[in-house]
Amino acid sequence: TFAPPTAHKQSKLTDLLETYRDGLQAAFDAGASTMSAVSDIVTPYDLPYQAKAALCNYVPQLRSTYNAEELDDDHPIQLTNQAAEFDHSTDRDYEFTWWVPQPGRGTNFWIPLRINPEQEALWNDLVSEDAKAGEIRLQQHRQNWVLHVTVEYPVEEPTTDGDATYVGLDIGETALITGCALKDGSPTDPFVCSGSRAKQLRKEMHTTLQRLQGREAAEWRIDERFDHYQHALTDIVEKASRQAIEYARQYENPVLVMEDLTYIRESLDYGEYMNRRLHSWAFARLQGRIEDKAREAGIPVEYVNPEYTSQTCHSCYRLGRRDSQAEFQCSHDDCHISTFQADINAAANIARRVDPWGESVPLDKA
């Protein structure tokens with residue numbers, strides 16, 4: 001987040017944002033579908049070259065990739081990584097600064113940054129060029145300016161040393177994360193992270209935003225409430241993903257195993273109410289943060305086929321019943337499992353499926 005800019009810098013930032021959005025809208029309305037077509041439209045606009053280059057990459061994707069029919073009014077400024085010029089000095093109140101690109105020569109200016117202390121190491125790597133900046137986005141939230149910088153840095157591909165301990169993670173709603181390690185094929189010391197707080201926040205967010213929109217509240221008020229809930233949910237994601245890694249690290253040579261959910265969201269159809277609840281929870285977002293933290297901890301991550309993981313008995317590998325959210329029932333008399341906690345059963349199945357022999361889908365319902 002920017003330290004409060006002077007009136008002069010605030011004016012320059014506002015002009016940059018308005019001009020960028022005008023250029024973006026013009027290129028979109030013209031139906032520009034190639035980089036050269038976008039370039040012809042945005043060249044006359046008084047924008048820095050880093051913004052024009054970003055527009056040339058972005059606009060053609062709007063319809064071809066995102067199937068956009070119209071633009072949101074709150075588009076951030078996108079910049080190529082050529083705008084990633086930062087400085088650091090411990091002599092300043094705000095140690096990190098950004099060289100804000102402006103059109104023309106000699107017009108750029110430095111702006112102090114209020115960084116997240118937990119990300120200080122990454123900022124130092126950016127300044128020392130030990131890490132490479134990717135896409136840069138600049139967004140205005142009322143009077144605050146927020147800078148988003150993606151960072152690329154090398155991470156060694158995690159490997160196991162010896163026999164692996166597979167740890168299945170089932171991502172859900174009531175139980176946010178259910179973890180289960182397999183030792184000699186048996187579920188061991190499962191871990192459950194409750195999803196009640198996230199569930200409550202999502203419900204509150206939907207109700208609150210719907211009420212504010214019905215009252216035709218000011219746009220900044222709606223944005224403020226939305227940001228409040230998103231920050232709270234982000235905090236839950238960060239803490240839950242950290243707990244999952246701590247659980248896995250207690251085992252020797254752990255390998256995290258999660259479901260490949262790339263097509264699950266599109267196939268959900270449980271009615272309007274349930275779809276809204278399930279789609280509003282970013283399963284992929286939580287999985288992504290778990291994977292990020294796992295790689296930093298040197299723990300390999302595998303993804304497996306998600307079919308029937310919640311309906312299969314982890315012991316006999318045949319289909320059973322999940323008549324309730326909490327309980328799985330195996331109906332086969334020759335199996336020692338009669339009832340089992342459903343999420344733990346699913347997590348155990350996920351862990352087992354990392355073995356190629358465990359990928360087959362059971363069909364025996366008798």
# chains A, B, ... in the order shown; residues from 1 in each chain; ligands from 1
>>> residues_around(residues="A:Leu233", least_positions_apart="2", cutoff="9 Å", atoms="only C-alpha atoms", output="VMD selection string")
chain A and resid 197 to 198 201 to 202 228 to 231 235 to 238
>>> write_last_selection(atoms="C-alpha atoms", output="mmCIF file, in the first residue's frame")
data_model
loop_
_atom_site.group_PDB
_atom_site.id
_atom_site.type_symbol
_atom_site.label_atom_id
_atom_site.label_comp_id
_atom_site.auth_asym_id
_atom_site.auth_seq_id
_atom_site.Cartn_x
_atom_site.Cartn_y
_atom_site.Cartn_z
ATOM 1 C CA ARG A 197 -15.937 -19.481 10.589
ATOM 2 C CA ALA A 198 -15.413 -19.342 6.820
ATOM 3 C CA LEU A 201 -18.327 -15.189 6.845
ATOM 4 C CA ARG A 202 -19.469 -16.227 3.382
ATOM 5 C CA HIS A 228 -13.506 -6.575 4.822
ATOM 6 C CA TYR A 229 -14.855 -10.073 4.201
ATOM 7 C CA GLN A 230 -12.197 -10.936 1.630
ATOM 8 C CA HIS A 231 -9.411 -9.982 4.043
ATOM 9 C CA ASP A 235 -6.589 -14.784 6.887
ATOM 10 C CA ILE A 236 -8.474 -18.066 7.323
ATOM 11 C CA VAL A 237 -6.887 -19.497 4.159
ATOM 12 C CA GLU A 238 -3.400 -18.552 5.331
#
>>> residues_around(residues="stretch 249-263 of chain A", least_positions_apart="6", cutoff="6 Å", atoms="only C-alpha atoms", output="PDB file with all heavy atoms, in the first residue's frame")
ATOM      1  N   THR A 160      11.315 -36.900  -2.179  1.00  0.00           N
ATOM      2  CA  THR A 160      11.343 -37.671  -0.942  1.00  0.00           C
ATOM      3  C   THR A 160      12.637 -38.468  -0.869  1.00  0.00           C
ATOM      4  O   THR A 160      13.218 -38.826  -1.876  1.00  0.00           O
ATOM      5  CB  THR A 160      10.146 -38.645  -0.879  1.00  0.00           C
ATOM      6  OG1 THR A 160      10.206 -39.518  -2.003  1.00  0.00           O
ATOM      7  CG2 THR A 160       8.841 -37.899  -0.876  1.00  0.00           C
ATOM      8  N   ALA A 164       7.905 -42.869   1.082  1.00  0.00           N
ATOM      9  CA  ALA A 164       7.083 -41.685   1.303  1.00  0.00           C
ATOM     10  C   ALA A 164       5.917 -42.000   2.229  1.00  0.00           C
ATOM     11  O   ALA A 164       5.407 -43.125   2.270  1.00  0.00           O
ATOM     12  CB  ALA A 164       6.553 -41.160  -0.023  1.00  0.00           C
ATOM     13  N   THR A 165       5.488 -40.991   2.983  1.00  0.00           N
ATOM     14  CA  THR A 165       4.255 -41.056   3.755  1.00  0.00           C
ATOM     15  C   THR A 165       3.236 -40.181   3.055  1.00  0.00           C
ATOM     16  O   THR A 165       3.393 -38.949   3.009  1.00  0.00           O
ATOM     17  CB  THR A 165       4.458 -40.554   5.196  1.00  0.00           C
ATOM     18  OG1 THR A 165       5.461 -41.336   5.839  1.00  0.00           O
ATOM     19  CG2 THR A 165       3.151 -40.644   5.979  1.00  0.00           C
ATOM     20  N   TYR A 166       2.218 -40.791   2.483  1.00  0.00           N
ATOM     21  CA  TYR A 166       1.222 -40.036   1.737  1.00  0.00           C
ATOM     22  C   TYR A 166       0.194 -39.445   2.692  1.00  0.00           C
ATOM     23  O   TYR A 166      -0.374 -40.156   3.542  1.00  0.00           O
ATOM     24  CB  TYR A 166       0.554 -40.921   0.693  1.00  0.00           C
ATOM     25  CG  TYR A 166       1.529 -41.390  -0.368  1.00  0.00           C
ATOM     26  CD1 TYR A 166       1.848 -42.743  -0.493  1.00  0.00           C
ATOM     27  CD2 TYR A 166       2.141 -40.471  -1.208  1.00  0.00           C
ATOM     28  CE1 TYR A 166       2.753 -43.173  -1.450  1.00  0.00           C
ATOM     29  CE2 TYR A 166       3.055 -40.888  -2.161  1.00  0.00           C
ATOM     30  CZ  TYR A 166       3.352 -42.236  -2.275  1.00  0.00           C
ATOM     31  OH  TYR A 166       4.256 -42.644  -3.228  1.00  0.00           O
ATOM     32  N   VAL A 167      -0.026 -38.157   2.550  1.00  0.00           N
ATOM     33  CA  VAL A 167      -0.954 -37.424   3.415  1.00  0.00           C
ATOM     34  C   VAL A 167      -2.064 -36.853   2.538  1.00  0.00           C
ATOM     35  O   VAL A 167      -1.840 -35.918   1.756  1.00  0.00           O
ATOM     36  CB  VAL A 167      -0.239 -36.290   4.172  1.00  0.00           C
ATOM     37  CG1 VAL A 167      -1.227 -35.543   5.070  1.00  0.00           C
ATOM     38  CG2 VAL A 167       0.929 -36.842   4.985  1.00  0.00           C
ATOM     39  N   GLY A 168      -3.258 -37.401   2.632  1.00  0.00           N
ATOM     40  CA  GLY A 168      -4.388 -36.922   1.849  1.00  0.00           C
ATOM     41  C   GLY A 168      -5.045 -35.730   2.516  1.00  0.00           C
ATOM     42  O   GLY A 168      -5.232 -35.707   3.733  1.00  0.00           O
ATOM     43  N   LEU A 169      -5.376 -34.719   1.711  1.00  0.00           N
ATOM     44  CA  LEU A 169      -6.080 -33.535   2.211  1.00  0.00           C
ATOM     45  C   LEU A 169      -7.404 -33.411   1.468  1.00  0.00           C
ATOM     46  O   LEU A 169      -7.440 -33.263   0.245  1.00  0.00           O
ATOM     47  CB  LEU A 169      -5.247 -32.272   2.000  1.00  0.00           C
ATOM     48  CG  LEU A 169      -3.917 -32.170   2.739  1.00  0.00           C
ATOM     49  CD1 LEU A 169      -3.249 -30.830   2.433  1.00  0.00           C
ATOM     50  CD2 LEU A 169      -4.096 -32.333   4.243  1.00  0.00           C
ATOM     51  N   ILE A 299       8.121 -30.102   0.603  1.00  0.00           N
ATOM     52  CA  ILE A 299       7.204 -31.243   0.610  1.00  0.00           C
ATOM     53  C   ILE A 299       6.576 -31.390  -0.776  1.00  0.00           C
ATOM     54  O   ILE A 299       5.939 -30.458  -1.269  1.00  0.00           O
ATOM     55  CB  ILE A 299       6.091 -31.053   1.663  1.00  0.00           C
ATOM     56  CG1 ILE A 299       6.695 -30.919   3.057  1.00  0.00           C
ATOM     57  CG2 ILE A 299       5.088 -32.208   1.611  1.00  0.00           C
ATOM     58  CD1 ILE A 299       5.675 -30.604   4.132  1.00  0.00           C
ATOM     59  N   PRO A 300       6.734 -32.536  -1.439  1.00  0.00           N
ATOM     60  CA  PRO A 300       6.114 -32.739  -2.759  1.00  0.00           C
ATOM     61  C   PRO A 300       4.586 -32.722  -2.664  1.00  0.00           C
ATOM     62  O   PRO A 300       4.005 -33.061  -1.627  1.00  0.00           O
ATOM     63  CB  PRO A 300       6.624 -34.115  -3.190  1.00  0.00           C
ATOM     64  CG  PRO A 300       7.807 -34.390  -2.317  1.00  0.00           C
ATOM     65  CD  PRO A 300       7.547 -33.688  -1.026  1.00  0.00           C
ATOM     66  N   VAL A 301       3.947 -32.328  -3.771  1.00  0.00           N
ATOM     67  CA  VAL A 301       2.486 -32.287  -3.847  1.00  0.00           C
ATOM     68  C   VAL A 301       2.036 -33.073  -5.070  1.00  0.00           C
ATOM     69  O   VAL A 301       2.595 -32.906  -6.160  1.00  0.00           O
ATOM     70  CB  VAL A 301       1.961 -30.839  -3.936  1.00  0.00           C
ATOM     71  CG1 VAL A 301       0.444 -30.828  -4.071  1.00  0.00           C
ATOM     72  CG2 VAL A 301       2.384 -30.046  -2.708  1.00  0.00           C
ATOM     73  N   GLU A 302       1.041 -33.926  -4.900  1.00  0.00           N
ATOM     74  CA  GLU A 302       0.468 -34.696  -5.998  1.00  0.00           C
ATOM     75  C   GLU A 302      -1.028 -34.423  -6.073  1.00  0.00           C
ATOM     76  O   GLU A 302      -1.668 -34.126  -5.058  1.00  0.00           O
ATOM     77  CB  GLU A 302       0.701 -36.203  -5.784  1.00  0.00           C
ATOM     78  CG  GLU A 302       2.149 -36.625  -5.702  1.00  0.00           C
ATOM     79  CD  GLU A 302       2.813 -36.692  -7.069  1.00  0.00           C
ATOM     80  OE1 GLU A 302       2.090 -36.560  -8.080  1.00  0.00           O
ATOM     81  OE2 GLU A 302       4.041 -36.877  -7.107  1.00  0.00           O
ATOM     82  N   TYR A 303      -1.581 -34.526  -7.296  1.00  0.00           N
ATOM     83  CA  TYR A 303      -3.023 -34.374  -7.493  1.00  0.00           C
ATOM     84  C   TYR A 303      -3.585 -35.649  -8.106  1.00  0.00           C
ATOM     85  O   TYR A 303      -2.954 -36.252  -8.984  1.00  0.00           O
ATOM     86  CB  TYR A 303      -3.317 -33.175  -8.400  1.00  0.00           C
ATOM     87  CG  TYR A 303      -3.082 -31.845  -7.723  1.00  0.00           C
ATOM     88  CD1 TYR A 303      -1.848 -31.209  -7.800  1.00  0.00           C
ATOM     89  CD2 TYR A 303      -4.084 -31.237  -6.981  1.00  0.00           C
ATOM     90  CE1 TYR A 303      -1.619 -30.006  -7.168  1.00  0.00           C
ATOM     91  CE2 TYR A 303      -3.870 -30.027  -6.336  1.00  0.00           C
ATOM     92  CZ  TYR A 303      -2.638 -29.409  -6.440  1.00  0.00           C
ATOM     93  OH  TYR A 303      -2.426 -28.221  -5.810  1.00  0.00           O
ATOM     94  N   VAL A 304      -4.773 -36.043  -7.660  1.00  0.00           N
ATOM     95  CA  VAL A 304      -5.361 -37.300  -8.113  1.00  0.00           C
ATOM     96  C   VAL A 304      -6.799 -37.093  -8.572  1.00  0.00           C
ATOM     97  O   VAL A 304      -7.434 -36.080  -8.293  1.00  0.00           O
ATOM     98  CB  VAL A 304      -5.319 -38.367  -6.994  1.00  0.00           C
ATOM     99  CG1 VAL A 304      -3.895 -38.689  -6.599  1.00  0.00           C
ATOM    100  CG2 VAL A 304      -6.140 -37.917  -5.774  1.00  0.00           C
ATOM    101  N   ASN A 305      -7.298 -38.121  -9.249  1.00  0.00           N
ATOM    102  CA  ASN A 305      -8.680 -38.159  -9.720  1.00  0.00           C
ATOM    103  C   ASN A 305      -9.644 -38.040  -8.538  1.00  0.00           C
ATOM    104  O   ASN A 305      -9.573 -38.817  -7.591  1.00  0.00           O
ATOM    105  CB  ASN A 305      -8.890 -39.492 -10.450  1.00  0.00           C
ATOM    106  CG  ASN A 305     -10.307 -39.661 -10.981  1.00  0.00           C
ATOM    107  OD1 ASN A 305     -11.155 -38.798 -10.822  1.00  0.00           O
ATOM    108  ND2 ASN A 305     -10.543 -40.787 -11.613  1.00  0.00           N
ATOM    109  N   PRO A 306     -10.573 -37.068  -8.564  1.00  0.00           N
ATOM    110  CA  PRO A 306     -11.454 -36.868  -7.402  1.00  0.00           C
ATOM    111  C   PRO A 306     -12.692 -37.752  -7.376  1.00  0.00           C
ATOM    112  O   PRO A 306     -13.415 -37.756  -6.376  1.00  0.00           O
ATOM    113  CB  PRO A 306     -11.865 -35.398  -7.554  1.00  0.00           C
ATOM    114  CG  PRO A 306     -11.877 -35.167  -9.026  1.00  0.00           C
ATOM    115  CD  PRO A 306     -10.734 -36.005  -9.575  1.00  0.00           C
ATOM    116  N   ALA A 351      -5.256 -39.970  -0.306  1.00  0.00           N
ATOM    117  CA  ALA A 351      -3.860 -40.366  -0.093  1.00  0.00           C
ATOM    118  C   ALA A 351      -3.545 -41.665  -0.835  1.00  0.00           C
ATOM    119  O   ALA A 351      -2.482 -41.805  -1.451  1.00  0.00           O
ATOM    120  CB  ALA A 351      -3.584 -40.527   1.397  1.00  0.00           C
TER     121      ALA A 351
END
>>> select_by_dssp(residues="stretch 290-337 of chain A", states="helix (DSSP H, G or I)", output="list in words")
Ile290, Glu291, Asp292, Lys293, Ala294, Arg295 and Glu296 of chain A
>>> write_last_selection(atoms="C-alpha atoms", output="mmCIF file, in the first residue's frame")
data_model
loop_
_atom_site.group_PDB
_atom_site.id
_atom_site.type_symbol
_atom_site.label_atom_id
_atom_site.label_comp_id
_atom_site.auth_asym_id
_atom_site.auth_seq_id
_atom_site.Cartn_x
_atom_site.Cartn_y
_atom_site.Cartn_z
ATOM 1 C CA ILE A 290 -1.171 -25.232 0.527
ATOM 2 C CA GLU A 291 0.957 -26.053 -2.518
ATOM 3 C CA ASP A 292 2.943 -22.813 -2.192
ATOM 4 C CA LYS A 293 3.729 -23.479 1.455
ATOM 5 C CA ALA A 294 4.490 -27.144 0.768
ATOM 6 C CA ARG A 295 7.080 -26.272 -1.869
ATOM 7 C CA GLU A 296 8.705 -23.769 0.474
#
>>> select_by_dssp(residues="stretch 50-171 of chain A", states="strand (DSSP E or B)", output="PyMOL selection string")
chain A and resi 77-79+86-88+96-100+109-113+132-141+144-152+165-171
>>> write_last_selection(atoms="N, CA and C atoms", output="compact mmCIF listing (two decimals), in the first residue's frame")
# COMPACT_ATOMS: atom_id res chain seq x y z
N ILE A 77 -4.77 -0.60 -13.05
CA ILE A 77 -3.74 -0.37 -14.07
C ILE A 77 -2.85 -1.60 -14.11
N GLN A 78 -2.67 -2.18 -15.27
CA GLN A 78 -1.75 -3.30 -15.44
C GLN A 78 -0.48 -2.80 -16.11
N LEU A 79 0.65 -3.27 -15.61
CA LEU A 79 1.95 -2.85 -16.12
C LEU A 79 2.82 -4.08 -16.34
N PHE A 86 12.47 -0.84 -7.96
CA PHE A 86 12.27 -0.59 -6.54
C PHE A 86 13.61 -0.20 -5.89
N ASP A 87 13.50 0.45 -4.75
CA ASP A 87 14.70 0.85 -4.00
C ASP A 87 14.47 0.57 -2.53
N HIS A 88 15.57 0.36 -1.82
CA HIS A 88 15.48 0.06 -0.39
C HIS A 88 16.56 0.80 0.37
N PHE A 96 11.07 0.80 1.62
CA PHE A 96 10.95 0.43 0.21
C PHE A 96 10.19 1.51 -0.56
N THR A 97 10.66 1.79 -1.76
CA THR A 97 9.99 2.76 -2.62
C THR A 97 9.87 2.20 -4.03
N TRP A 98 8.91 2.75 -4.79
CA TRP A 98 8.68 2.32 -6.17
C TRP A 98 8.80 3.52 -7.09
N TRP A 99 9.48 3.32 -8.21
CA TRP A 99 9.66 4.35 -9.23
C TRP A 99 8.44 4.30 -10.15
N VAL A 100 7.44 5.15 -9.87
CA VAL A 100 6.15 5.09 -10.57
C VAL A 100 6.33 5.55 -12.02
N PHE A 109 8.30 9.31 -10.71
CA PHE A 109 8.55 9.79 -9.34
C PHE A 109 8.55 8.60 -8.40
N TRP A 110 9.24 8.76 -7.26
CA TRP A 110 9.30 7.72 -6.24
C TRP A 110 8.10 7.82 -5.31
N ILE A 111 7.59 6.66 -4.89
CA ILE A 111 6.49 6.63 -3.92
C ILE A 111 6.86 5.64 -2.83
N PRO A 112 6.74 6.02 -1.55
CA PRO A 112 7.04 5.08 -0.46
C PRO A 112 5.97 4.00 -0.35
N LEU A 113 6.40 2.80 0.05
CA LEU A 113 5.50 1.66 0.16
C LEU A 113 5.39 1.19 1.61
N LYS A 132 12.48 -12.36 -9.61
CA LYS A 132 12.07 -11.64 -10.81
C LYS A 132 10.61 -11.23 -10.68
N ALA A 133 10.32 -9.97 -10.98
CA ALA A 133 8.94 -9.48 -10.93
C ALA A 133 8.18 -9.95 -12.16
N GLY A 134 6.92 -10.27 -11.93
CA GLY A 134 6.02 -10.61 -13.03
C GLY A 134 5.07 -9.46 -13.29
N GLU A 135 3.78 -9.78 -13.37
CA GLU A 135 2.78 -8.76 -13.63
C GLU A 135 2.66 -7.79 -12.46
N ILE A 136 2.41 -6.53 -12.77
CA ILE A 136 2.22 -5.49 -11.75
C ILE A 136 0.85 -4.87 -11.96
N ARG A 137 0.11 -4.73 -10.87
CA ARG A 137 -1.20 -4.10 -10.94
C ARG A 137 -1.30 -3.01 -9.87
N LEU A 138 -1.87 -1.88 -10.25
CA LEU A 138 -2.06 -0.76 -9.34
C LEU A 138 -3.55 -0.46 -9.26
N GLN A 139 -4.10 -0.54 -8.05
CA GLN A 139 -5.54 -0.38 -7.84
C GLN A 139 -5.80 0.70 -6.81
N GLN A 140 -6.83 1.52 -7.05
CA GLN A 140 -7.23 2.53 -6.07
C GLN A 140 -8.45 2.04 -5.31
N HIS A 141 -8.35 2.07 -3.98
CA HIS A 141 -9.47 1.77 -3.11
C HIS A 141 -9.77 3.03 -2.31
N ASN A 144 -6.87 5.08 -0.94
CA ASN A 144 -5.67 4.25 -0.83
C ASN A 144 -5.29 3.66 -2.17
N TRP A 145 -3.98 3.55 -2.41
CA TRP A 145 -3.46 2.92 -3.61
C TRP A 145 -2.74 1.64 -3.20
N VAL A 146 -3.11 0.53 -3.87
CA VAL A 146 -2.54 -0.77 -3.53
C VAL A 146 -1.78 -1.30 -4.73
N LEU A 147 -0.54 -1.69 -4.50
CA LEU A 147 0.33 -2.23 -5.54
C LEU A 147 0.45 -3.74 -5.36
N HIS A 148 0.09 -4.48 -6.42
CA HIS A 148 0.22 -5.93 -6.41
C HIS A 148 1.36 -6.32 -7.36
N VAL A 149 2.34 -7.02 -6.83
CA VAL A 149 3.49 -7.44 -7.64
C VAL A 149 3.61 -8.95 -7.53
N THR A 150 3.49 -9.65 -8.65
CA THR A 150 3.75 -11.09 -8.62
C THR A 150 5.26 -11.30 -8.68
N VAL A 151 5.72 -12.29 -7.95
CA VAL A 151 7.16 -12.53 -7.82
C VAL A 151 7.48 -13.96 -8.23
N GLU A 152 8.46 -14.09 -9.10
CA GLU A 152 8.94 -15.41 -9.51
C GLU A 152 10.32 -15.64 -8.91
N THR A 165 5.49 -40.99 2.98
CA THR A 165 4.26 -41.06 3.76
C THR A 165 3.24 -40.18 3.06
N TYR A 166 2.22 -40.79 2.48
CA TYR A 166 1.22 -40.04 1.74
C TYR A 166 0.19 -39.44 2.69
N VAL A 167 -0.03 -38.16 2.55
CA VAL A 167 -0.95 -37.42 3.41
C VAL A 167 -2.06 -36.85 2.54
N GLY A 168 -3.26 -37.40 2.63
CA GLY A 168 -4.39 -36.92 1.85
C GLY A 168 -5.04 -35.73 2.52
N LEU A 169 -5.38 -34.72 1.71
CA LEU A 169 -6.08 -33.53 2.21
C LEU A 169 -7.40 -33.41 1.47
N ASP A 170 -8.50 -33.46 2.21
CA ASP A 170 -9.83 -33.27 1.64
C ASP A 170 -10.27 -31.85 1.94
N ILE A 171 -10.52 -31.05 0.91
CA ILE A 171 -10.94 -29.66 1.07
C ILE A 171 -12.45 -29.61 1.01
>>> closest_residue(among="A:Gly214, A:Gly195, A:Gly172, A:Gly179", to="A:Ala284", atoms="only C-alpha atoms")
A:Gly172
>>> closest_atom_pairs(of="stretch 177-286 of chain A", to="stretch 314-338 of chain A", cutoff="12 Å", atoms="only C-alpha atoms", output="JSON lines")
{"residue": "A:Thr178", "atom": "CA", "partner": "A:Ala326", "partner_atom": "CA", "distance": 12.0}
{"residue": "A:Cys180", "atom": "CA", "partner": "A:His314", "partner_atom": "CA", "distance": 11.3}
{"residue": "A:Leu182", "atom": "CA", "partner": "A:His314", "partner_atom": "CA", "distance": 10.5}
{"residue": "A:Asp184", "atom": "CA", "partner": "A:Ser315", "partner_atom": "CA", "distance": 11.9}
{"residue": "A:Gly185", "atom": "CA", "partner": "A:Ser315", "partner_atom": "CA", "distance": 8.6}
{"residue": "A:Ser186", "atom": "CA", "partner": "A:Ser315", "partner_atom": "CA", "distance": 8.0}
{"residue": "A:Pro187", "atom": "CA", "partner": "A:His314", "partner_atom": "CA", "distance": 8.6}
>>> atom_distance(atom1="atom CA of A:Leu71", atom2="atom CA of A:Gly23")
12.1 Å
